[in-house]
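Visitor: Dropping the structure in here first, questions after.
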Amino acid sequence: MPVLRLLTLALIATASSAALAQPETCGDTSNAALSSDISDLPAYYQHWHWVPNSHLSKAARCGLTPGCQGRFIEPPRNWDGAGVAPLSAPLNVSADTIESIGAKATMTGDVQLRKGDLSLDAGYAQYNRSNSTVLLRDNVILRQPGILLRGQFAQIDTNRGLGELQQAEILSFQTGARGTAERIARPDYSRFEMDGASYTQCTPDNETWSLHADSIVLDYDSGRGVARGTSIRVYDVPVFYSPYLNFPVDERRATGFLFPSIGLASNSLDISTPYYLNLAPNYDAIIAPRFIENRGEALETELRYLNRYSEWAVSGSYLPNDQSENIDRWLVDVKEQGFINEQWGTEVDYAKVSDIDYFSDLGLANLAVKRSTHLNQQGALNYTSDNWRGRLEVQRYQTIAVVEDPYQKLPQLRLNYQSPAKNFQLEPIIEFEYTQFDHRDSLRDGGTKVTGERVYATAGTSFPMRWRWGFIEPAVKSRMVNYELDDAQLAGIDASPSASSALFSVDSGLYFERELSINDQAWTQTLEPRLFYRYSEYEEQSDQPDFDSAALTFTYQQLFRDTRFTGHDRLDDANQVALGISSRFINNAAGREVLTASVGQLHYFDDGKVQLPGDDIRKSSNSDFAAQFRLLPDDKRWFSVDLLYDARQGVLNQSNLGYHQRSDNGALFNLGYTFRREGNEFGGLANNVKQGDASLSLPLNSQWKLFAKTQYDFEDNRPVENLIGAEYQNCCWLSRVVYQRALEPDDNSGSNTSGTENNSAVLIEFQLKGLGGLGTAVTSVLKESIFGYLSDE
């Protein structure tokens, strides 16, 4: 949102009779919400109808704006017709004296005019019946729903609510926005004119900041406003000034400055001042000059374009002659999502940087970005119909770490038949994939990588049989993979290896239920045994390359898959049966699965011979026991456990434990532990992995909040990431500060086990509520580091 929008704020909204968006509340904000008499409050509290917590009922306190220690309480609207629009309501008048001559009526002393939801009070009033206007002076008070205006002189059209108010004070009870103006005029419904205006969203007892302008003109027809002589003051000290501002007054996009970004990384100051360009209804741009200490001046841009078929976002950055590296640094990023019609769509995701150190030197303070090893460069055309799904894509990567390049798909075509899954009917199984694989280190370029074409196809049928008490689904299919390899003679391998394998499987399961009573509550327990038999023919495939395949991580869900590999470079052999059983405990009143427990195991009738290069042949007769537990005692907590247990050795090969809790007061706590034993045949690693992590977001009270996270490597006895931070906010400003120290690669290896160093950063975010602020990196880091974190903004 453009920074110049700050002048519209709630001050402008309060001057308008339009409805205002209200924050979520849970208490009455009328006098009924008071818990004690407010006559003892300071006069300036009472003047602004500000009531601290000590005088509010519990119900009224529960809906406070985050950080506020009170709220503005609107006096009761208890006159007749207070819920009726002024145009259709009669005028009711009372005063100490009333004198009527012709079309004019003059009132003095405690003048009260009520016309529907419009309330006018003054010491003197003169009403003109011929045009329904009223002139008021001496402590004028104008009230409409949610709005209070005070002034010394006013001239109001009582039918339309238009007019002028001088020496005015303005308050919005819903937003807490308040201000003053020497003159406010509303000549028509679409135009406001203000002279000598000020605005703040701070409370009367703590006015930290305020905005001032010599004059403001708001035109709601054009959606534009003009302010002259504008300044922002902090504790009455000017910190910003502009002689002329042209800004938006509604949600329509408009050209203007965005909030600047200020950071400190590697002891270097980094400042960016983006400028937004509203070029047309369907495209816009952001141009952001950027200064990086010790490196120089850069320019960043972003262009967004929308048409009836697609959405485009093109970003770029250029830093000429980096003073630290003496090279030009640049980035290009293109993203597109297209919808040609209901069946055809397009995708583009392309990113490229000038050098592999770009993100570590110039990127955001974001661990996920800094730990990236590849940038995706992909384009795709998708097709979807009732029974078919197809995709044509081209994909390559830019490797930005010292790791092996993946293969490029230039191109890949996939086509799958989508079965309507009708019961007791034969369902076709059809899958086809053609891929041209290329590599930067190919044999033809003097490298070591085999390249070429691969065709994979599957054809078969299944016969689903489903009942309320269970299911049986046999399936049979034939799989085929064929290669045409480039320069195979250079590597001394077959140029056209191929393999085929038939597969037969039967998936079956039963559903048992019983009713339980636990603590006088009705529960349902299920017992769901499942058996999955799979037979796949063996064929020797050691002469085939490995373009994009890997062994799937073994979990409980993996028991019931019809392959143990990703990709199609290996047609796995199998003669095995998977036995599993699950039980669910369902709270009938809540309609929620409170506990789910599953355990299962694979039993092999033959050794697994087909393996990827470097893997050993499996010779065991059964797999580890795979177990999975999920406990959700309520909507605020869940606990999960995933285990792999080797009953033959009596050891635990893998465990993943997680706990998540969110309290009613907004406290958030996460706890996790991961263990994977080295060398086991189900996703085994070269070294043991033993890592634990804990994160916390803890409100101390309505204004203070603490953040913390730690991730520790117990195998190498070192911290991976530590974070600690705090937040303070009240009604008018908010600040967050975070200290982060994390293990990051220092040699572009992308590895956290070798060539690493600890880098630290201090991030600060500051916001004047209602105006905006500086910095968004803190919120980004907290969302990344603390699972479930949501800011109060």
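Please note that chains go A, B, ... in the order of the structure tokens, that every chain numbers its residues from 1, and that ligands are numbered from 1 in the order shown.
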So that I can see what lies close to segment 165-173 of chain A, please list as a count of residues only the residues with an atom at most 9 Å from it, counting only C-alpha atoms and leaving out residues fewer than 6 positions away in the same chain.
Guide: 34
Visitor: Write out as a compact mmCIF listing (two decimals) with N, CA and C atoms, in the first residue's frame all residues of segment 366-589 of chain A that DSSP puts in strand (DSSP E or B) for this structure's backbone.
Guide:
```txt
# COMPACT_ATOMS: atom_id res chain seq x y z
N HIS A 374 19.39 -24.74 -5.68
CA HIS A 374 19.05 -24.67 -7.10
C HIS A 374 17.96 -23.63 -7.31
N LEU A 375 18.00 -22.98 -8.45
CA LEU A 375 16.93 -22.10 -8.89
C LEU A 375 16.17 -22.77 -10.03
N ASN A 376 14.88 -22.83 -9.91
CA ASN A 376 14.05 -23.51 -10.90
C ASN A 376 13.90 -22.66 -12.15
N GLN A 377 13.96 -23.31 -13.31
CA GLN A 377 13.74 -22.66 -14.60
C GLN A 377 12.82 -23.57 -15.40
N GLN A 378 11.52 -23.29 -15.32
CA GLN A 378 10.52 -24.23 -15.78
C GLN A 378 9.39 -23.53 -16.53
N GLY A 379 8.90 -24.20 -17.57
CA GLY A 379 7.70 -23.77 -18.27
C GLY A 379 6.85 -24.99 -18.57
N ALA A 380 5.52 -24.84 -18.47
CA ALA A 380 4.66 -26.02 -18.62
C ALA A 380 3.34 -25.63 -19.26
N LEU A 381 2.77 -26.59 -19.99
CA LEU A 381 1.43 -26.51 -20.56
C LEU A 381 0.63 -27.68 -20.01
N ASN A 382 -0.49 -27.40 -19.33
CA ASN A 382 -1.30 -28.42 -18.67
C ASN A 382 -2.63 -28.63 -19.39
N TYR A 383 -3.08 -29.87 -19.36
CA TYR A 383 -4.38 -30.21 -19.93
C TYR A 383 -5.14 -31.08 -18.94
N THR A 384 -6.41 -30.76 -18.72
CA THR A 384 -7.24 -31.53 -17.79
C THR A 384 -8.64 -31.66 -18.37
N TRP A 388 -8.81 -37.37 -18.66
CA TRP A 388 -7.40 -37.30 -19.04
C TRP A 388 -6.72 -36.11 -18.38
N ARG A 389 -5.47 -36.32 -18.08
CA ARG A 389 -4.63 -35.23 -17.55
C ARG A 389 -3.29 -35.31 -18.24
N GLY A 390 -2.86 -34.18 -18.81
CA GLY A 390 -1.59 -34.14 -19.52
C GLY A 390 -0.76 -32.94 -19.12
N ARG A 391 0.55 -33.06 -19.33
CA ARG A 391 1.45 -31.96 -19.00
C ARG A 391 2.67 -32.02 -19.91
N LEU A 392 2.97 -30.91 -20.55
CA LEU A 392 4.18 -30.75 -21.35
C LEU A 392 5.03 -29.69 -20.68
N GLU A 393 6.23 -30.06 -20.27
CA GLU A 393 7.05 -29.10 -19.54
C GLU A 393 8.50 -29.16 -19.98
N VAL A 394 9.15 -28.03 -19.80
CA VAL A 394 10.60 -27.90 -19.97
C VAL A 394 11.14 -27.43 -18.64
N GLN A 395 12.17 -28.11 -18.13
CA GLN A 395 12.68 -27.77 -16.81
C GLN A 395 14.20 -27.93 -16.77
N ARG A 396 14.82 -26.90 -16.26
CA ARG A 396 16.24 -26.94 -15.98
C ARG A 396 16.48 -26.15 -14.69
N TYR A 397 17.70 -26.15 -14.20
CA TYR A 397 18.02 -25.49 -12.96
C TYR A 397 19.30 -24.70 -13.11
N GLN A 398 19.41 -23.64 -12.29
CA GLN A 398 20.70 -23.01 -12.08
C GLN A 398 21.17 -23.44 -10.69
N THR A 399 22.30 -24.10 -10.63
CA THR A 399 22.84 -24.58 -9.36
C THR A 399 23.64 -23.45 -8.72
N GLN A 408 18.30 -31.99 -16.70
CA GLN A 408 17.32 -31.08 -17.28
C GLN A 408 16.32 -31.86 -18.12
N LYS A 409 15.06 -31.42 -18.10
CA LYS A 409 14.02 -32.05 -18.89
C LYS A 409 13.71 -31.13 -20.07
N LEU A 410 14.14 -31.54 -21.25
CA LEU A 410 14.06 -30.67 -22.43
C LEU A 410 13.49 -31.41 -23.64
N PRO A 411 12.20 -31.72 -23.67
CA PRO A 411 11.14 -31.46 -22.68
C PRO A 411 10.71 -32.77 -22.02
N GLN A 412 9.58 -32.69 -21.29
CA GLN A 412 8.92 -33.88 -20.75
C GLN A 412 7.43 -33.79 -21.06
N LEU A 413 6.86 -34.91 -21.54
CA LEU A 413 5.42 -34.99 -21.85
C LEU A 413 4.82 -36.11 -21.03
N ARG A 414 3.78 -35.80 -20.25
CA ARG A 414 3.10 -36.80 -19.44
C ARG A 414 1.62 -36.82 -19.80
N LEU A 415 1.04 -38.03 -19.83
CA LEU A 415 -0.38 -38.21 -20.12
C LEU A 415 -0.91 -39.34 -19.26
N ASN A 416 -1.94 -39.06 -18.47
CA ASN A 416 -2.54 -40.06 -17.57
C ASN A 416 -4.04 -40.12 -17.78
N TYR A 417 -4.56 -41.33 -17.69
CA TYR A 417 -6.01 -41.52 -17.71
C TYR A 417 -6.55 -41.43 -16.28
N GLU A 427 -11.74 -50.60 -14.47
CA GLU A 427 -11.23 -49.23 -14.62
C GLU A 427 -9.89 -49.27 -15.33
N PRO A 428 -9.76 -48.58 -16.47
CA PRO A 428 -8.49 -48.60 -17.19
C PRO A 428 -7.39 -47.88 -16.40
N ILE A 429 -6.16 -48.36 -16.56
CA ILE A 429 -4.97 -47.70 -16.02
C ILE A 429 -4.05 -47.40 -17.19
N ILE A 430 -3.87 -46.14 -17.51
CA ILE A 430 -3.05 -45.74 -18.65
C ILE A 430 -2.16 -44.58 -18.22
N GLU A 431 -0.87 -44.72 -18.45
CA GLU A 431 0.08 -43.67 -18.13
C GLU A 431 1.19 -43.69 -19.19
N PHE A 432 1.54 -42.50 -19.68
CA PHE A 432 2.60 -42.37 -20.69
C PHE A 432 3.46 -41.17 -20.33
N GLU A 433 4.78 -41.36 -20.50
CA GLU A 433 5.70 -40.25 -20.24
C GLU A 433 6.88 -40.33 -21.19
N TYR A 434 7.17 -39.21 -21.84
CA TYR A 434 8.35 -39.08 -22.70
C TYR A 434 9.20 -37.93 -22.16
N THR A 435 10.51 -38.18 -22.00
CA THR A 435 11.40 -37.15 -21.48
C THR A 435 12.70 -37.16 -22.25
N GLN A 436 13.16 -35.95 -22.59
CA GLN A 436 14.50 -35.76 -23.16
C GLN A 436 15.36 -35.18 -22.04
N PHE A 437 16.32 -35.97 -21.56
CA PHE A 437 17.19 -35.55 -20.46
C PHE A 437 18.50 -35.00 -21.01
N ASP A 438 18.88 -33.84 -20.46
CA ASP A 438 20.15 -33.23 -20.83
C ASP A 438 20.88 -32.86 -19.55
N SER A 442 27.52 -33.26 -19.82
CA SER A 442 27.19 -34.40 -20.68
C SER A 442 28.45 -34.98 -21.33
N LYS A 449 28.30 -37.38 -17.72
CA LYS A 449 26.88 -37.70 -17.57
C LYS A 449 26.28 -38.20 -18.88
N GLY A 452 19.99 -38.42 -22.94
CA GLY A 452 19.20 -39.10 -23.94
C GLY A 452 17.71 -39.05 -23.65
N GLU A 453 16.96 -39.91 -24.38
CA GLU A 453 15.51 -39.94 -24.26
C GLU A 453 15.07 -41.13 -23.42
N ARG A 454 13.96 -40.94 -22.73
CA ARG A 454 13.34 -42.04 -22.00
C ARG A 454 11.84 -42.04 -22.26
N VAL A 455 11.32 -43.22 -22.56
CA VAL A 455 9.88 -43.41 -22.72
C VAL A 455 9.41 -44.40 -21.67
N TYR A 456 8.41 -44.00 -20.92
CA TYR A 456 7.83 -44.87 -19.90
C TYR A 456 6.33 -44.98 -20.17
N ALA A 457 5.80 -46.19 -20.04
CA ALA A 457 4.37 -46.39 -20.28
C ALA A 457 3.85 -47.47 -19.34
N THR A 458 2.61 -47.30 -18.93
CA THR A 458 1.90 -48.27 -18.10
C THR A 458 0.51 -48.47 -18.68
N ALA A 459 0.08 -49.71 -18.76
CA ALA A 459 -1.27 -50.02 -19.21
C ALA A 459 -1.80 -51.17 -18.37
N GLY A 460 -3.04 -51.06 -17.96
CA GLY A 460 -3.62 -52.13 -17.15
C GLY A 460 -5.06 -51.81 -16.79
N THR A 461 -5.54 -52.54 -15.79
CA THR A 461 -6.93 -52.35 -15.37
C THR A 461 -7.06 -52.71 -13.90
N SER A 462 -8.07 -52.14 -13.25
CA SER A 462 -8.40 -52.49 -11.87
C SER A 462 -9.90 -52.74 -11.78
N MET A 465 -14.03 -52.98 -5.73
CA MET A 465 -15.23 -53.51 -5.08
C MET A 465 -15.28 -52.92 -3.67
N ARG A 466 -16.27 -52.09 -3.42
CA ARG A 466 -16.33 -51.37 -2.15
C ARG A 466 -17.69 -51.58 -1.50
N TRP A 467 -17.64 -51.84 -0.20
CA TRP A 467 -18.85 -51.94 0.61
C TRP A 467 -18.67 -51.07 1.84
N GLY A 470 -16.03 -52.76 3.98
CA GLY A 470 -14.69 -53.03 3.52
C GLY A 470 -14.54 -52.84 2.02
N PHE A 471 -13.39 -53.24 1.50
CA PHE A 471 -13.12 -53.08 0.08
C PHE A 471 -12.11 -54.12 -0.37
N ILE A 472 -12.17 -54.44 -1.66
CA ILE A 472 -11.17 -55.27 -2.34
C ILE A 472 -10.94 -54.64 -3.71
N GLU A 473 -9.68 -54.42 -4.05
CA GLU A 473 -9.38 -53.80 -5.35
C GLU A 473 -8.19 -54.49 -5.98
N PRO A 474 -8.45 -55.48 -6.84
CA PRO A 474 -7.35 -56.10 -7.59
C PRO A 474 -6.97 -55.21 -8.78
N ALA A 475 -5.72 -55.27 -9.16
CA ALA A 475 -5.24 -54.50 -10.31
C ALA A 475 -4.12 -55.27 -10.98
N VAL A 476 -4.06 -55.14 -12.31
CA VAL A 476 -2.98 -55.73 -13.06
C VAL A 476 -2.54 -54.71 -14.12
N LYS A 477 -1.23 -54.59 -14.30
CA LYS A 477 -0.75 -53.65 -15.31
C LYS A 477 0.63 -54.06 -15.76
N SER A 478 0.98 -53.57 -16.93
CA SER A 478 2.29 -53.82 -17.50
C SER A 478 3.04 -52.51 -17.60
N ARG A 479 4.31 -52.50 -17.18
CA ARG A 479 5.13 -51.29 -17.20
C ARG A 479 6.30 -51.50 -18.16
N MET A 480 6.66 -50.45 -18.85
CA MET A 480 7.74 -50.52 -19.83
C MET A 480 8.54 -49.23 -19.80
N VAL A 481 9.87 -49.36 -19.87
CA VAL A 481 10.74 -48.20 -19.98
C VAL A 481 11.76 -48.48 -21.07
N ASN A 482 12.00 -47.48 -21.92
CA ASN A 482 12.91 -47.63 -23.05
C ASN A 482 13.75 -46.37 -23.20
N TYR A 483 15.03 -46.51 -23.54
CA TYR A 483 15.95 -45.39 -23.66
C TYR A 483 16.56 -45.33 -25.05
N GLU A 484 16.86 -44.10 -25.47
CA GLU A 484 17.72 -43.85 -26.62
C GLU A 484 18.79 -42.89 -26.13
N LEU A 485 19.98 -43.40 -25.83
CA LEU A 485 21.01 -42.63 -25.17
C LEU A 485 21.97 -42.00 -26.18
N SER A 498 16.33 -51.26 -22.39
CA SER A 498 14.90 -51.25 -22.14
C SER A 498 14.57 -52.31 -21.11
N ALA A 499 13.38 -52.19 -20.52
CA ALA A 499 12.92 -53.18 -19.55
C ALA A 499 11.41 -53.12 -19.51
N SER A 500 10.83 -54.24 -19.14
CA SER A 500 9.37 -54.30 -18.95
C SER A 500 9.08 -55.22 -17.79
N SER A 501 7.98 -54.97 -17.13
CA SER A 501 7.64 -55.76 -15.95
C SER A 501 6.13 -55.73 -15.76
N ALA A 502 5.56 -56.90 -15.54
CA ALA A 502 4.14 -56.98 -15.20
C ALA A 502 3.97 -56.85 -13.69
N LEU A 503 2.86 -56.25 -13.30
CA LEU A 503 2.59 -56.02 -11.88
C LEU A 503 1.16 -56.45 -11.58
N PHE A 504 1.03 -57.20 -10.51
CA PHE A 504 -0.30 -57.60 -10.04
C PHE A 504 -0.40 -57.23 -8.57
N SER A 505 -1.53 -56.64 -8.18
CA SER A 505 -1.70 -56.25 -6.79
C SER A 505 -3.15 -56.44 -6.38
N VAL A 506 -3.33 -56.66 -5.08
CA VAL A 506 -4.67 -56.72 -4.48
C VAL A 506 -4.61 -55.91 -3.19
N ASP A 507 -5.42 -54.88 -3.14
CA ASP A 507 -5.54 -54.04 -1.94
C ASP A 507 -6.88 -54.36 -1.29
N SER A 508 -6.89 -54.58 0.00
CA SER A 508 -8.13 -54.97 0.68
C SER A 508 -8.12 -54.45 2.10
N GLY A 509 -9.31 -54.23 2.64
CA GLY A 509 -9.42 -53.75 4.00
C GLY A 509 -10.81 -53.96 4.55
N LEU A 510 -10.91 -53.91 5.87
CA LEU A 510 -12.19 -54.07 6.56
C LEU A 510 -12.39 -52.90 7.51
N PHE A 512 -14.39 -52.00 11.05
CA PHE A 512 -15.18 -52.40 12.21
C PHE A 512 -15.40 -51.17 13.09
N GLU A 513 -16.58 -51.07 13.68
CA GLU A 513 -16.89 -49.96 14.56
C GLU A 513 -17.56 -50.48 15.82
N ARG A 514 -17.31 -49.76 16.91
CA ARG A 514 -18.05 -50.04 18.14
C ARG A 514 -18.23 -48.73 18.91
N GLU A 515 -19.32 -48.65 19.65
CA GLU A 515 -19.63 -47.47 20.44
C GLU A 515 -19.00 -47.60 21.83
N LEU A 516 -18.46 -46.50 22.31
CA LEU A 516 -17.84 -46.47 23.63
C LEU A 516 -18.42 -45.32 24.43
N SER A 517 -18.29 -45.42 25.74
CA SER A 517 -18.64 -44.31 26.63
C SER A 517 -17.42 -44.02 27.48
N ILE A 518 -16.85 -42.82 27.31
CA ILE A 518 -15.67 -42.40 28.05
C ILE A 518 -16.01 -41.11 28.77
N GLN A 521 -19.23 -39.54 27.85
CA GLN A 521 -19.34 -39.02 26.49
C GLN A 521 -19.39 -40.18 25.51
N ALA A 522 -20.14 -39.96 24.42
CA ALA A 522 -20.29 -41.00 23.40
C ALA A 522 -19.12 -40.95 22.43
N TRP A 523 -18.47 -42.10 22.24
CA TRP A 523 -17.33 -42.23 21.35
C TRP A 523 -17.57 -43.38 20.38
N THR A 524 -16.86 -43.31 19.26
CA THR A 524 -16.83 -44.42 18.31
C THR A 524 -15.39 -44.84 18.09
N GLN A 525 -15.14 -46.15 18.23
CA GLN A 525 -13.81 -46.67 17.93
C GLN A 525 -13.89 -47.52 16.67
N THR A 526 -12.94 -47.31 15.77
CA THR A 526 -12.87 -48.13 14.56
C THR A 526 -11.66 -49.03 14.64
N LEU A 527 -11.75 -50.14 13.97
CA LEU A 527 -10.62 -51.05 13.79
C LEU A 527 -10.56 -51.37 12.30
N GLU A 528 -9.44 -51.04 11.65
CA GLU A 528 -9.36 -51.08 10.19
C GLU A 528 -8.13 -51.88 9.76
N PRO A 529 -8.23 -53.19 9.70
CA PRO A 529 -7.13 -53.99 9.16
C PRO A 529 -7.03 -53.82 7.65
N ARG A 530 -5.80 -53.86 7.14
CA ARG A 530 -5.58 -53.70 5.71
C ARG A 530 -4.49 -54.65 5.24
N LEU A 531 -4.72 -55.27 4.10
CA LEU A 531 -3.75 -56.19 3.50
C LEU A 531 -3.54 -55.79 2.05
N PHE A 532 -2.26 -55.67 1.66
CA PHE A 532 -1.92 -55.26 0.30
C PHE A 532 -0.84 -56.20 -0.23
N TYR A 533 -1.23 -57.00 -1.23
CA TYR A 533 -0.27 -57.91 -1.86
C TYR A 533 0.16 -57.34 -3.20
N ARG A 534 1.48 -57.43 -3.46
CA ARG A 534 2.00 -56.91 -4.73
C ARG A 534 3.05 -57.87 -5.27
N TYR A 535 2.90 -58.18 -6.56
CA TYR A 535 3.89 -58.99 -7.27
C TYR A 535 4.33 -58.24 -8.51
N SER A 536 5.65 -58.03 -8.65
CA SER A 536 6.21 -57.37 -9.83
C SER A 536 7.31 -58.26 -10.39
N ALA A 550 14.85 -42.03 -7.18
CA ALA A 550 15.39 -42.14 -5.83
C ALA A 550 14.49 -43.06 -5.03
N ALA A 551 15.03 -43.62 -3.96
CA ALA A 551 14.25 -44.49 -3.10
C ALA A 551 13.31 -43.64 -2.25
N PHE A 565 10.20 -46.56 -5.62
CA PHE A 565 11.05 -45.54 -6.21
C PHE A 565 10.22 -44.35 -6.69
N THR A 566 10.85 -43.19 -6.66
CA THR A 566 10.33 -42.06 -7.41
C THR A 566 10.93 -42.13 -8.81
N ALA A 574 9.02 -57.21 -6.95
CA ALA A 574 8.39 -57.39 -5.65
C ALA A 574 7.61 -58.68 -5.62
N ASN A 575 7.63 -59.31 -4.48
CA ASN A 575 6.73 -60.41 -4.15
C ASN A 575 6.54 -60.30 -2.65
N GLN A 576 5.56 -59.52 -2.27
CA GLN A 576 5.47 -59.09 -0.89
C GLN A 576 4.03 -58.83 -0.50
N VAL A 577 3.80 -58.82 0.80
CA VAL A 577 2.50 -58.49 1.33
C VAL A 577 2.69 -57.49 2.47
N ALA A 578 1.86 -56.48 2.48
CA ALA A 578 1.86 -55.47 3.54
C ALA A 578 0.67 -55.72 4.44
N LEU A 579 0.93 -55.78 5.73
CA LEU A 579 -0.12 -55.96 6.73
C LEU A 579 -0.14 -54.73 7.61
N GLY A 580 -1.28 -54.12 7.72
CA GLY A 580 -1.40 -52.93 8.55
C GLY A 580 -2.73 -52.91 9.28
N ILE A 581 -2.76 -52.19 10.36
CA ILE A 581 -4.00 -52.05 11.10
C ILE A 581 -4.05 -50.65 11.71
N SER A 582 -5.20 -50.02 11.61
CA SER A 582 -5.40 -48.69 12.16
C SER A 582 -6.61 -48.70 13.07
N SER A 583 -6.58 -47.83 14.05
CA SER A 583 -7.72 -47.66 14.94
C SER A 583 -7.91 -46.17 15.19
N ARG A 584 -9.14 -45.74 15.11
CA ARG A 584 -9.46 -44.32 15.34
C ARG A 584 -10.46 -44.22 16.48
N PHE A 585 -10.26 -43.23 17.34
CA PHE A 585 -11.18 -42.93 18.42
C PHE A 585 -11.82 -41.58 18.12
N ILE A 586 -13.13 -41.58 17.91
CA ILE A 586 -13.86 -40.40 17.44
C ILE A 586 -14.81 -39.93 18.53
N ASN A 587 -14.68 -38.68 18.91
CA ASN A 587 -15.62 -38.06 19.84
C ASN A 587 -16.86 -37.67 19.06
```
Visitor: Using only C-alpha atoms, determine which residues lie at most 12 Å from segment 121-137 of chain A, disregarding the query and same-chain residues fewer than 2 positions distant; provide the list as JSON, numbers by chain.
Guide: {"A": [86, 87, 90, 91, 92, 93, 94, 95, 96, 97, 98, 99, 100, 101, 102, 103, 104, 105, 106, 107, 108, 109, 110, 111, 112, 113, 114, 115, 118, 119, 139, 140, 141, 142, 143, 148, 149, 150, 151, 152, 153, 154, 155, 156, 157, 158, 159, 160, 161, 162, 163, 164, 165, 166, 167, 168]}
Visitor: Quick one: everything within 10 Å of Arg718 of chain A, counting only C-alpha atoms, minus sequence neighbours fewer than 6 positions away in the same chain. Send it as a VMD selection string.
Guide: chain A and resid 691 711 to 712 743
Visitor: Please list as number ranges by chain every residue within 7 Å of Ala288 of chain A, counting only C-alpha atoms and excluding residues in the same chain fewer than 3 positions away.
Guide: A: 272-275, 299-301
Visitor: Which of these residues is nearest to Ala597 of chain A, using only C-alpha atoms: A:Arg630, A:Arg253, A:Arg618, A:Arg233?
Guide: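 Using only C-alpha atoms, Ala597 of chain A sits closest to A:Arg630.
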Visitor: Can you tell me, as a PyMOL selection string, what residues are no more than 8 Å from segment 693-705 of chain A when counting only C-alpha atoms, ignoring any on the same chain fewer than 6 positions away?
Guide: chain A and resi 66-69+665-673+711-712+726-730+785-787+789
Visitor: May I have the selected residues written with N, CA and C atoms, as a compact mmCIF listing (two decimals), in the first residue's frame?
Guide:
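What follows is the written file selection_21.txt:
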```
# COMPACT_ATOMS: atom_id res chain seq x y z
N PRO A 66 -5.23 -5.18 19.99
CA PRO A 66 -4.01 -5.70 20.63
C PRO A 66 -3.13 -4.58 21.16
N GLY A 67 -2.73 -4.72 22.40
CA GLY A 67 -1.84 -3.76 23.03
C GLY A 67 -2.52 -2.64 23.77
N CYS A 68 -3.82 -2.43 23.53
CA CYS A 68 -4.53 -1.31 24.16
C CYS A 68 -4.86 -1.62 25.61
N GLN A 69 -4.77 -0.60 26.45
CA GLN A 69 -5.11 -0.72 27.86
C GLN A 69 -6.42 -0.03 28.17
N ASN A 665 -4.94 -17.55 25.10
CA ASN A 665 -4.34 -16.21 25.19
C ASN A 665 -3.36 -15.91 24.07
N GLY A 666 -3.27 -16.83 23.09
CA GLY A 666 -2.38 -16.62 21.95
C GLY A 666 -1.01 -17.23 22.10
N ALA A 667 -0.73 -17.87 23.22
CA ALA A 667 0.57 -18.52 23.40
C ALA A 667 0.70 -19.70 22.44
N LEU A 668 1.91 -19.86 21.90
CA LEU A 668 2.17 -20.90 20.90
C LEU A 668 3.44 -21.63 21.31
N PHE A 669 3.36 -22.98 21.28
CA PHE A 669 4.51 -23.78 21.68
C PHE A 669 4.64 -24.98 20.74
N ASN A 670 5.85 -25.20 20.24
CA ASN A 670 6.13 -26.35 19.37
C ASN A 670 7.35 -27.08 19.90
N LEU A 671 7.30 -28.40 19.81
CA LEU A 671 8.42 -29.22 20.24
C LEU A 671 8.57 -30.38 19.26
N GLY A 672 9.79 -30.63 18.81
CA GLY A 672 10.00 -31.70 17.84
C GLY A 672 11.34 -32.40 18.05
N TYR A 673 11.39 -33.66 17.62
CA TYR A 673 12.64 -34.42 17.69
C TYR A 673 12.68 -35.39 16.51
N GLN A 711 17.17 -24.96 17.72
CA GLN A 711 17.30 -26.22 17.00
C GLN A 711 18.71 -26.73 17.24
N TYR A 712 18.80 -27.95 17.78
CA TYR A 712 20.10 -28.45 18.23
C TYR A 712 20.40 -29.79 17.59
N ALA A 726 11.45 -10.14 21.01
CA ALA A 726 10.41 -9.56 21.84
C ALA A 726 9.57 -8.61 21.01
N GLU A 727 8.36 -8.41 21.46
CA GLU A 727 7.43 -7.48 20.81
C GLU A 727 6.76 -6.63 21.87
N TYR A 728 6.66 -5.35 21.58
CA TYR A 728 5.87 -4.46 22.43
C TYR A 728 4.91 -3.68 21.54
N GLN A 729 3.67 -3.57 22.00
CA GLN A 729 2.71 -2.76 21.26
C GLN A 729 1.70 -2.16 22.22
N ASN A 730 1.22 -0.97 21.83
CA ASN A 730 0.09 -0.36 22.50
C ASN A 730 -0.90 0.09 21.44
N SER A 785 10.32 -19.55 11.28
CA SER A 785 10.98 -20.25 12.37
C SER A 785 10.02 -20.86 13.38
N ILE A 786 8.84 -20.25 13.57
CA ILE A 786 7.90 -20.70 14.59
C ILE A 786 6.65 -21.21 13.90
N PHE A 787 6.48 -22.52 13.88
CA PHE A 787 5.33 -23.12 13.19
C PHE A 787 4.03 -22.59 13.79
N TYR A 789 2.97 -19.47 13.64
CA TYR A 789 3.01 -18.07 14.06
C TYR A 789 2.19 -17.21 13.12
```
Visitor: Hey, which of A:Leu306, A:Ile287, A:Asp487, A:Leu218 ends up closest to Gln337 of chain A? Count only C-alpha atoms.
Guide: A:Leu306
Visitor: Excluding segment 45-47 of chain A and its own-chain neighbours fewer than 3 positions away, which residues fall within 10 Å of it when counting only C-alpha atoms? Please give them as a ChimeraX atom specification.
Guide: /A:38-42,50-52,72-73,203-205
